[in-house]
file coords17.tsv (TSV, C-alpha atoms)
chain	number	residue	atom	x	y	z
A	14	LYS	CA	-79.10	16.05	6.46
A	15	ALA	CA	-77.92	19.46	5.27
A	16	GLY	CA	-79.95	22.47	6.37
A	17	VAL	CA	-81.20	25.40	4.34
A	18	THR	CA	-78.31	27.15	2.64
A	19	GLN	CA	-78.42	30.80	1.66
A	20	THR	CA	-75.90	32.70	-0.40
A	21	PRO	CA	-74.38	35.19	-0.17
A	22	ARG	CA	-74.39	35.67	3.60
A	23	TYR	CA	-73.47	39.35	3.44
A	24	LEU	CA	-73.60	41.90	0.67
A	25	ILE	CA	-73.46	45.65	0.21
A	26	LYS	CA	-75.21	47.44	-2.63
A	27	THR	CA	-75.95	51.03	-3.53
A	28	ARG	CA	-79.33	52.62	-4.18
A	29	GLY	CA	-80.74	51.85	-7.60
A	30	GLN	CA	-78.86	48.59	-8.02
A	31	GLN	CA	-80.48	45.19	-8.04
A	32	VAL	CA	-79.64	42.08	-6.05
A	33	THR	CA	-80.25	38.35	-6.38
A	34	LEU	CA	-80.25	36.06	-3.36
A	35	SER	CA	-80.12	32.30	-3.53
A	36	CYS	CA	-81.59	29.57	-1.35
A	37	SER	CA	-81.06	25.81	-1.40
A	38	PRO	CA	-83.78	24.06	0.64
A	39	ILE	CA	-83.46	20.87	2.63
A	40	SER	CA	-83.44	17.88	0.32
A	41	GLY	CA	-86.99	16.70	-0.35
A	42	HIS	CA	-88.63	19.98	0.69
A	43	ARG	CA	-90.77	21.42	-2.10
A	44	SER	CA	-91.93	24.63	-0.44
A	45	VAL	CA	-89.60	27.60	-0.16
A	46	SER	CA	-90.61	30.85	1.53
A	47	TRP	CA	-88.82	34.16	1.81
A	48	TYR	CA	-89.02	36.59	4.72
A	49	GLN	CA	-87.57	40.03	5.37
A	50	GLN	CA	-86.40	40.81	8.91
A	51	THR	CA	-85.74	44.38	10.08
A	52	PRO	CA	-85.50	45.86	13.59
A	53	GLY	CA	-88.49	48.10	12.92
A	54	GLN	CA	-90.91	45.74	11.22
A	55	GLY	CA	-89.71	42.35	12.43
A	56	LEU	CA	-90.14	39.28	10.24
A	57	GLN	CA	-92.40	39.88	7.26
A	58	PHE	CA	-93.52	37.31	4.70
A	59	LEU	CA	-92.46	38.04	1.13
A	60	PHE	CA	-93.62	35.04	-0.90
A	61	GLU	CA	-93.77	31.27	-1.06
A	62	TYR	CA	-93.02	28.92	-3.92
A	63	PHE	CA	-94.19	25.35	-4.24
A	64	SER	CA	-93.28	23.13	-7.18
A	65	GLU	CA	-92.02	26.14	-9.15
A	66	THR	CA	-95.27	28.11	-8.68
A	67	GLN	CA	-95.83	31.10	-6.43
A	68	ARG	CA	-98.39	29.86	-3.93
A	69	ASN	CA	-98.64	32.84	-1.59
A	70	LYS	CA	-97.50	36.45	-1.69
A	71	GLY	CA	-97.04	39.03	1.02
A	72	ASN	CA	-97.62	42.75	0.84
A	73	PHE	CA	-94.42	43.94	-0.82
A	74	PRO	CA	-93.96	46.06	-3.96
A	75	GLY	CA	-93.31	44.50	-7.34
A	76	ARG	CA	-89.59	45.29	-7.02
A	77	PHE	CA	-89.42	42.11	-4.96
A	78	SER	CA	-89.71	38.97	-7.05
A	79	GLY	CA	-88.72	35.37	-6.83
A	80	ARG	CA	-88.66	32.08	-8.63
A	81	GLN	CA	-88.16	28.42	-7.93
A	82	PHE	CA	-86.36	25.91	-10.07
A	83	SER	CA	-87.22	22.28	-10.76
A	84	ASN	CA	-84.72	21.14	-8.11
A	85	SER	CA	-86.60	23.33	-5.55
A	86	ARG	CA	-83.76	25.82	-5.27
A	87	SER	CA	-85.06	29.37	-5.16
A	88	GLU	CA	-83.88	32.86	-5.88
A	89	MET	CA	-85.28	36.21	-4.94
A	90	ASN	CA	-84.51	39.46	-6.69
A	91	VAL	CA	-84.89	43.03	-5.54
A	92	SER	CA	-84.64	45.67	-8.23
A	93	THR	CA	-84.04	49.40	-7.89
A	94	LEU	CA	-82.77	49.06	-4.33
A	95	GLU	CA	-83.82	51.58	-1.70
A	96	LEU	CA	-82.18	52.34	1.64
A	97	GLY	CA	-85.17	50.76	3.37
A	98	ASP	CA	-84.43	47.41	1.72
A	99	SER	CA	-81.50	46.95	4.10
A	100	ALA	CA	-82.47	43.85	6.04
A	101	LEU	CA	-81.82	40.22	6.79
A	102	TYR	CA	-83.50	38.11	4.12
A	103	LEU	CA	-84.42	34.67	5.40
A	104	CYS	CA	-85.32	31.65	3.34
A	105	ALA	CA	-87.31	28.79	4.84
A	106	SER	CA	-88.22	25.41	3.43
A	107	SER	CA	-90.87	22.92	4.45
A	108	PRO	CA	-91.97	19.50	3.25
A	109	ALA	CA	-95.11	19.08	1.18
A	110	THR	CA	-97.06	17.80	4.17
A	111	SER	CA	-96.03	20.55	6.53
A	112	SER	CA	-97.34	20.77	10.07
A	113	GLY	CA	-96.40	24.40	10.14
A	114	GLU	CA	-92.73	23.83	10.73
A	115	LEU	CA	-90.50	25.99	8.61
A	116	PHE	CA	-86.77	25.33	8.52
A	117	PHE	CA	-84.92	28.62	8.21
A	118	GLY	CA	-81.51	29.34	6.80
A	119	GLU	CA	-79.15	31.78	8.48
A	120	GLY	CA	-80.10	34.54	6.07
A	121	SER	CA	-78.50	36.97	3.67
A	122	ARG	CA	-77.75	40.33	5.23
A	123	LEU	CA	-78.20	43.10	2.68
A	124	THR	CA	-76.94	46.62	3.30
A	125	VAL	CA	-78.01	49.34	0.87
A	126	LEU	CA	-75.89	52.50	0.87
B	44	GLN	CA	-103.30	47.77	14.06
B	45	LYS	CA	-100.68	45.14	13.41
B	46	GLU	CA	-102.12	41.64	13.00
B	47	VAL	CA	-99.89	40.17	15.70
B	48	GLU	CA	-98.71	42.24	18.67
B	49	GLN	CA	-95.85	41.13	20.90
B	50	ASP	CA	-94.10	43.00	23.69
B	51	PRO	CA	-90.47	43.33	22.52
B	52	GLY	CA	-89.03	43.39	26.05
B	53	PRO	CA	-86.17	43.01	26.75
B	54	LEU	CA	-86.95	40.58	29.51
B	55	SER	CA	-84.26	39.65	32.06
B	56	VAL	CA	-84.73	36.82	34.57
B	57	PRO	CA	-82.49	34.78	36.88
B	58	GLU	CA	-81.77	31.14	36.13
B	59	GLY	CA	-84.59	28.88	37.30
B	60	ALA	CA	-87.32	31.48	36.89
B	61	ILE	CA	-90.62	30.85	35.14
B	62	VAL	CA	-90.92	32.98	32.02
B	63	SER	CA	-94.18	34.06	30.43
B	64	LEU	CA	-94.18	35.38	26.86
B	65	ASN	CA	-97.35	36.66	25.25
B	66	CYS	CA	-98.88	37.76	21.97
B	67	THR	CA	-102.25	39.00	20.84
B	68	TYR	CA	-103.68	38.76	17.36
B	69	SER	CA	-106.56	40.40	15.58
B	70	ASN	CA	-107.75	38.03	12.83
B	71	SER	CA	-110.14	35.31	13.97
B	72	ALA	CA	-109.31	33.33	10.81
B	73	PHE	CA	-105.93	32.38	12.24
B	74	GLN	CA	-105.93	28.70	13.14
B	75	TYR	CA	-102.28	27.71	13.43
B	76	PHE	CA	-100.02	29.13	16.10
B	77	MET	CA	-96.29	28.72	16.56
B	78	TRP	CA	-93.44	29.87	18.72
B	79	TYR	CA	-90.03	30.23	17.16
B	80	ARG	CA	-86.72	30.85	18.92
B	81	GLN	CA	-83.98	32.87	17.27
B	82	TYR	CA	-80.44	33.01	18.56
B	83	SER	CA	-78.22	35.91	17.57
B	84	ARG	CA	-77.02	35.67	13.96
B	85	LYS	CA	-79.10	32.55	13.34
B	86	GLY	CA	-82.37	31.80	11.59
B	87	PRO	CA	-85.49	31.12	13.69
B	88	GLU	CA	-86.20	27.54	14.76
B	89	LEU	CA	-89.60	26.11	15.64
B	90	LEU	CA	-90.22	25.52	19.36
B	91	MET	CA	-93.92	24.80	19.59
B	92	TYR	CA	-96.84	24.37	17.22
B	93	THR	CA	-100.52	24.45	18.20
B	94	TYR	CA	-103.63	24.08	16.13
B	95	SER	CA	-106.65	26.07	17.33
B	96	SER	CA	-107.21	26.56	21.07
B	97	GLY	CA	-105.65	24.61	23.89
B	98	ASN	CA	-102.40	23.79	25.60
B	99	LYS	CA	-99.34	21.92	24.42
B	100	GLU	CA	-96.41	20.89	26.56
B	101	ASP	CA	-92.92	19.88	25.50
B	102	GLY	CA	-90.41	19.49	28.29
B	103	ARG	CA	-89.93	22.84	29.99
B	104	PHE	CA	-92.06	24.64	27.41
B	105	THR	CA	-95.85	25.07	27.41
B	106	ALA	CA	-97.78	26.86	24.69
B	107	GLN	CA	-101.31	28.11	25.24
B	108	VAL	CA	-103.80	29.49	22.75
B	109	ASP	CA	-107.04	31.19	23.78
B	110	LYS	CA	-108.99	31.92	20.63
B	111	SER	CA	-111.83	33.61	22.50
B	112	SER	CA	-109.49	36.36	23.64
B	113	LYS	CA	-107.06	36.02	20.71
B	114	TYR	CA	-104.19	35.47	23.10
B	115	ILE	CA	-101.09	33.27	22.65
B	116	SER	CA	-98.68	32.41	25.46
B	117	LEU	CA	-95.43	30.54	25.91
B	118	PHE	CA	-94.26	29.50	29.36
B	119	ILE	CA	-90.71	28.41	30.08
B	120	ARG	CA	-90.13	26.59	33.36
B	121	ASP	CA	-86.76	26.37	35.11
B	122	SER	CA	-85.24	28.82	32.65
B	123	GLN	CA	-81.60	28.28	31.69
B	124	PRO	CA	-78.93	30.66	30.32
B	125	SER	CA	-79.17	28.70	27.07
B	126	ASP	CA	-82.76	29.95	26.75
B	127	SER	CA	-81.42	33.47	26.17
B	128	ALA	CA	-82.70	34.33	22.70
B	129	THR	CA	-85.45	36.18	20.88
B	130	TYR	CA	-88.82	34.44	20.96
B	131	LEU	CA	-91.21	35.04	18.08
B	132	CYS	CA	-94.87	34.13	18.02
B	133	ALA	CA	-96.34	33.36	14.61
B	134	THR	CA	-99.70	32.49	13.17
B	135	THR	CA	-101.39	31.76	9.86
B	136	ALA	CA	-104.75	30.84	8.42
B	137	ASN	CA	-102.92	28.94	5.68
B	138	GLN	CA	-103.54	25.19	5.86
B	139	ALA	CA	-100.09	24.43	4.53
B	140	GLY	CA	-98.69	26.19	7.56
B	141	THR	CA	-96.77	28.68	5.48
B	142	ALA	CA	-97.17	32.45	4.89
B	143	LEU	CA	-96.61	33.07	8.59
B	144	ILE	CA	-97.36	36.37	10.29
B	145	PHE	CA	-94.86	37.01	13.05
B	146	GLY	CA	-94.85	39.14	16.14
B	147	LYS	CA	-91.82	41.40	16.46
B	148	GLY	CA	-90.21	39.10	19.02
B	149	THR	CA	-89.36	39.29	22.72
B	150	THR	CA	-85.69	39.27	23.66
B	151	LEU	CA	-85.07	37.12	26.74
B	152	SER	CA	-81.92	37.08	28.85
B	153	VAL	CA	-81.46	34.44	31.56
B	154	SER	CA	-78.62	35.13	33.96
B	155	SER	CA	-76.79	32.42	35.92

call {"tool": "encode", "arguments": {"input": "coords17.tsv", "output": "structure tokens"}}
result
Amino acid sequence: KAGVTQTPRYLIKTRGQQVTLSCSPISGHRSVSWYQQTPGQGLQFLFEYFSETQRNKGNFPGRFSGRQFSNSRSEMNVSTLELGDSALYLCASSPATSSGELFFGEGSRLTVL
Amino acid sequence: QKEVEQDPGPLSVPEGAIVSLNCTYSNSAFQYFMWYRQYSRKGPELLMYTYSSGNKEDGRFTAQVDKSSKYISLFIRDSQPSDSATYLCATTANQAGTALIFGKGTTLSVSS
């Protein structure tokens, strides 16, 4: 069974630009969550989508947004990039009847110059 | 005060040692507790999951949750070099087990 796939794996942007990251969950998983990981703040929850609806949201500004498609694939977008947005963005999927186990992808490493 | 506090280490032990990793949390609403392991350049993977207070054992790993003191522990027996990784505690009040709040992680190095 294929794992969670994230693209692109690495990208470099400049301040003010926007970026879109993509996540393909494990087949059959309907929940997709996004996390930001930085050395200073650790892993922080961004948002979760379930059946194309945002089910939970973390404490991030509105520049961070996401969506989920009918095939459960998800994208997240960050607009007006700031230097502090440089981070590893991790996507995780889980089945509908989750026991708390999230399956993480390897992440998209974003560098903002 | 951060909702989940975890000593970042680093922690270095010889092969075969018993390792104790700990976290504290502040919100008594948290009911679900997990330990994730993250190898360098990889995403985290679930090691242990516990609901409410108590102990759970899986091979060389034991997870403990003490809700009265808001304390979470992971013990690793007979540690191996392959256990060298960053260990993250996580918790949530969310019944679906999502929207996790993570500690910052403890980096463990086991030398042979």

call {"tool": "interface_residues", "arguments": {"input": "coords17.tsv", "of": "chain B", "to": "chain A", "cutoff": "10 Å", "atoms": "all atoms listed in the file", "output": "PyMOL selection string"}}
result
chain B and resi 75-77+79+84-94+131+133-135+137-148

call {"tool": "residues_near_point", "arguments": {"input": "coords17.tsv", "point": "(-86.7, 24.6, 26.0)", "cutoff": "12 Å", "atoms": "only C-alpha atoms", "output": "list in words"}}
result
Ile61, Val62, Trp78, Tyr79, Arg80, Glu88, Leu89, Leu90, Met91, Glu100, Asp101, Gly102, Arg103, Phe104, Thr105, Ala106, Leu117, Phe118, Ile119, Arg120, Asp121, Ser122, Gln123, Pro124, Ser125, Asp126, Ser127, Ala128 and Tyr130 of chain B

call {"tool": "write_last_selection", "arguments": {"input": "coords17.tsv", "atoms": "C-alpha atoms", "output": "tab-separated table (two decimals), in the frame of the given file"}}
result
chain	number	residue	atom	x	y	z
B	61	ILE	CA	-90.62	30.85	35.14
B	62	VAL	CA	-90.92	32.98	32.02
B	78	TRP	CA	-93.44	29.87	18.72
B	79	TYR	CA	-90.03	30.23	17.16
B	80	ARG	CA	-86.72	30.85	18.92
B	88	GLU	CA	-86.20	27.54	14.76
B	89	LEU	CA	-89.60	26.11	15.64
B	90	LEU	CA	-90.22	25.52	19.36
B	91	MET	CA	-93.92	24.80	19.59
B	100	GLU	CA	-96.41	20.89	26.56
B	101	ASP	CA	-92.92	19.88	25.50
B	102	GLY	CA	-90.41	19.49	28.29
B	103	ARG	CA	-89.93	22.84	29.99
B	104	PHE	CA	-92.06	24.64	27.41
B	105	THR	CA	-95.85	25.07	27.41
B	106	ALA	CA	-97.78	26.86	24.69
B	117	LEU	CA	-95.43	30.54	25.91
B	118	PHE	CA	-94.26	29.50	29.36
B	119	ILE	CA	-90.71	28.41	30.08
B	120	ARG	CA	-90.13	26.59	33.36
B	121	ASP	CA	-86.76	26.37	35.11
B	122	SER	CA	-85.24	28.82	32.65
B	123	GLN	CA	-81.60	28.28	31.69
B	124	PRO	CA	-78.93	30.66	30.32
B	125	SER	CA	-79.17	28.70	27.07
B	126	ASP	CA	-82.76	29.95	26.75
B	127	SER	CA	-81.42	33.47	26.17
B	128	ALA	CA	-82.70	34.33	22.70
B	130	TYR	CA	-88.82	34.44	20.96

call {"tool": "residues_around", "arguments": {"input": "coords17.tsv", "residues": "range 85-88 of chain A", "least_positions_apart": "2", "cutoff": "9 Å", "atoms": "only C-alpha atoms", "output": "MDAnalysis selection string"}}
result
chainID A and resid 33:38 40:46 62:65 78:83 90 104

call {"tool": "write_last_selection", "arguments": {"input": "coords17.tsv", "atoms": "C-alpha atoms", "output": "compact mmCIF listing (two decimals), in the frame of the given file"}}
result
# COMPACT_ATOMS: atom_id res chain seq x y z
CA THR A 33 -80.25 38.35 -6.38
CA LEU A 34 -80.25 36.06 -3.36
CA SER A 35 -80.12 32.30 -3.53
CA CYS A 36 -81.59 29.57 -1.35
CA SER A 37 -81.06 25.81 -1.40
CA PRO A 38 -83.78 24.06 0.64
CA SER A 40 -83.44 17.88 0.32
CA GLY A 41 -86.99 16.70 -0.35
CA HIS A 42 -88.63 19.98 0.69
CA ARG A 43 -90.77 21.42 -2.10
CA SER A 44 -91.93 24.63 -0.44
CA VAL A 45 -89.60 27.60 -0.16
CA SER A 46 -90.61 30.85 1.53
CA TYR A 62 -93.02 28.92 -3.92
CA PHE A 63 -94.19 25.35 -4.24
CA SER A 64 -93.28 23.13 -7.18
CA GLU A 65 -92.02 26.14 -9.15
CA SER A 78 -89.71 38.97 -7.05
CA GLY A 79 -88.72 35.37 -6.83
CA ARG A 80 -88.66 32.08 -8.63
CA GLN A 81 -88.16 28.42 -7.93
CA PHE A 82 -86.36 25.91 -10.07
CA SER A 83 -87.22 22.28 -10.76
CA ASN A 90 -84.51 39.46 -6.69
CA CYS A 104 -85.32 31.65 3.34

call {"tool": "atom_distance", "arguments": {"input": "coords17.tsv", "atom1": "CA of Ile115 in chain B", "atom2": "CA of Ala100 in chain A"}}
result
27.1 Å

call {"tool": "residues_around", "arguments": {"input": "coords17.tsv", "residues": "Tyr68 in chain B", "least_positions_apart": "5", "cutoff": "7 Å", "atoms": "all atoms listed in the file", "output": "JSON, numbers by chain"}}
result
{"B": [46, 47, 48, 113, 114]}

call {"tool": "write_last_selection", "arguments": {"input": "coords17.tsv", "atoms": "C-alpha atoms", "output": "mmCIF file, in the frame of the given file"}}
result
data_model
loop_
_atom_site.group_PDB
_atom_site.id
_atom_site.type_symbol
_atom_site.label_atom_id
_atom_site.label_comp_id
_atom_site.auth_asym_id
_atom_site.auth_seq_id
_atom_site.Cartn_x
_atom_site.Cartn_y
_atom_site.Cartn_z
ATOM 1 C CA GLU B 46 -102.120 41.640 13.000
ATOM 2 C CA VAL B 47 -99.890 40.170 15.700
ATOM 3 C CA GLU B 48 -98.710 42.240 18.670
ATOM 4 C CA LYS B 113 -107.060 36.020 20.710
ATOM 5 C CA TYR B 114 -104.190 35.470 23.100
#

call {"tool": "atom_distance", "arguments": {"input": "coords17.tsv", "atom1": "CA of Lys26 in chain A", "atom2": "CA of Glu95 in chain A"}}
result
9.6 Å
